[in-house]
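J.: I am attaching a structure below and will ask some questions about it afterwards.
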Amino acid sequence: MNYADNNILQKQIQEDFIFAKKGSVIILPKGKIDLNRILWADNLENVTILGSGIDETILSFKNQIDGAEGIKITNSNNITLKEFTIE
């Protein structure tokens, strides 16, 4: 995956976080995804963020240029992070 693809993917994942409704499942794609900015979510309820497996979906914040956290979830209840790796 090239740099442009990662930027598009990062924007899509962020939009999924922003527009998630109660009970949503956000599905992360397979592969190593190099992210250069924080992913954030606020006011989520009963949301699952699901990858394809700990060796199959990897979110890498190694080259992050903005934000101190990789994923930041605030003011939320019952959030499940499952089947992916954060590096």
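Chain labels follow the order of the structure tokens: the first chain is A, the next B, and so on; residue numbering restarts at 1 in every chain, and ligands are counted from 1 in their shown order.
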Residues at most 9 Å from stretch 13-28 of chain A, counting only C-alpha atoms, excluding those fewer than 3 positions away in the same chain, as JSON, numbers by chain?
T.: {"A": [8, 9, 10, 38, 39, 40, 41, 42, 44, 45, 46, 47, 48, 49, 50, 51, 52, 57, 84]}
J.: Please identify which residues in stretch 9-85 of chain A DSSP calls alpha helix (DSSP H) from the backbone, and express them as a list in words.
T.: Leu9, Gln10, Lys11, Gln12, Ile13, Gln14, Glu15, Asp16, Phe17, Ile18 and Phe19 of chain A
J.: Save the residues we just selected, C-alpha atoms, as a PDB file, in the first residue's frame?
T.:
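Writing the result to part02.pdb gives the following:
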```pdb
ATOM      1  CA  LEU A   9      -7.622   4.788   4.412  1.00  0.00           C
ATOM      2  CA  GLN A  10      -6.841   6.937   7.453  1.00  0.00           C
ATOM      3  CA  LYS A  11      -9.556   9.417   6.454  1.00  0.00           C
ATOM      4  CA  GLN A  12     -12.056   6.584   5.938  1.00  0.00           C
ATOM      5  CA  ILE A  13     -11.318   5.010   9.329  1.00  0.00           C
ATOM      6  CA  GLN A  14     -11.595   8.413  11.022  1.00  0.00           C
ATOM      7  CA  GLU A  15     -14.949   9.027   9.323  1.00  0.00           C
ATOM      8  CA  ASP A  16     -16.140   5.604  10.489  1.00  0.00           C
ATOM      9  CA  PHE A  17     -15.198   6.591  14.060  1.00  0.00           C
ATOM     10  CA  ILE A  18     -16.978   9.950  13.796  1.00  0.00           C
ATOM     11  CA  PHE A  19     -20.200   8.625  12.270  1.00  0.00           C
TER      12      PHE A  19
END
```
J.: Give me, please, the distance in Å between atom CA of A:Leu81 and atom CA of A:Asp34, quoted to one decimal.
T.: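 Separating atom CA of A:Leu81 from atom CA of A:Asp34 is a distance of 18.2 Å.
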J.: Could you give me the residues within chain A that DSSP places in strand (DSSP E or B), as a PyMOL selection string?
T.: chain A and resi 25-27+31-34+37-42+45-50+57-60+66-74+77-82+85-86
J.: Which residues are close to A:Glu87, i.e. within 8 Å by only C-alpha atoms, leaving aside same-chain residues fewer than 4 positions away? Reply as a short mmCIF file (atom, residue, chain, number, x, y, z; two decimals) with all heavy atoms, in the first residue's frame.
T.:
```cif
data_model
loop_
_atom_site.label_atom_id
_atom_site.label_comp_id
_atom_site.auth_asym_id
_atom_site.auth_seq_id
_atom_site.Cartn_x
_atom_site.Cartn_y
_atom_site.Cartn_z
N ILE A 58 -2.72 -4.51 11.22
CA ILE A 58 -1.76 -3.80 12.07
C ILE A 58 -1.88 -2.30 11.81
O ILE A 58 -1.72 -1.85 10.68
CB ILE A 58 -0.31 -4.27 11.79
CG1 ILE A 58 -0.20 -5.78 12.03
CG2 ILE A 58 0.69 -3.48 12.63
CD1 ILE A 58 1.07 -6.40 11.50
N LEU A 59 -2.19 -1.57 12.87
CA LEU A 59 -2.21 -0.11 12.79
C LEU A 59 -0.87 0.38 13.32
O LEU A 59 -0.55 0.20 14.49
CB LEU A 59 -3.34 0.47 13.63
CG LEU A 59 -4.76 0.01 13.31
CD1 LEU A 59 -5.76 0.72 14.21
CD2 LEU A 59 -5.11 0.24 11.85
N SER A 60 -0.08 0.99 12.45
CA SER A 60 1.24 1.46 12.84
C SER A 60 1.24 2.98 12.96
O SER A 60 0.92 3.69 12.00
CB SER A 60 2.29 1.03 11.82
OG SER A 60 3.55 1.59 12.16
N PHE A 61 1.61 3.45 14.14
CA PHE A 61 1.72 4.89 14.39
C PHE A 61 3.20 5.28 14.49
O PHE A 61 3.53 6.32 15.05
CB PHE A 61 0.96 5.26 15.67
CG PHE A 61 -0.52 5.08 15.53
CD1 PHE A 61 -1.13 3.89 15.89
CD2 PHE A 61 -1.31 6.10 15.03
CE1 PHE A 61 -2.50 3.71 15.77
CE2 PHE A 61 -2.69 5.93 14.89
CZ PHE A 61 -3.28 4.75 15.26
N LYS A 62 4.06 4.45 13.93
CA LYS A 62 5.51 4.66 14.01
C LYS A 62 5.92 6.04 13.48
O LYS A 62 6.81 6.67 14.03
CB LYS A 62 6.21 3.56 13.22
CG LYS A 62 7.70 3.66 13.19
CD LYS A 62 8.30 2.53 12.38
CE LYS A 62 9.81 2.67 12.29
NZ LYS A 62 10.38 1.64 11.45
#
```
J.: Would you work out the distance separating atom CA of A:Asp66 from atom CA of A:Asn7, expressed in Å to one decimal?
T.: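 According to the coordinates, atom CA of A:Asp66 and atom CA of A:Asn7 are separated by 13.5 Å.
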J.: My list of candidates is A:Thr80, A:Asn43, A:Thr74, A:Gly53. Which is closest to A:Lys30 when distances are computed with only C-alpha atoms?
T.: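 Looking at the shortest contact to A:Lys30, the residue is A:Gly53.
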J.: How many Å lie between atom CA of A:Asn77 and atom CA of A:Lys32, rounded to one decimal?
T.: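 Computed distance, atom CA of A:Asn77 to atom CA of A:Lys32, equals 27.7 Å.
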J.: Give the answer as one residue: which of A:Asn6, A:Thr85, A:Asn78, A:Gln64 has the shortest atom-to-atom distance to A:Asn36, using only C-alpha atoms?
T.: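 Among the listed residues, A:Gln64 lies closest to A:Asn36.
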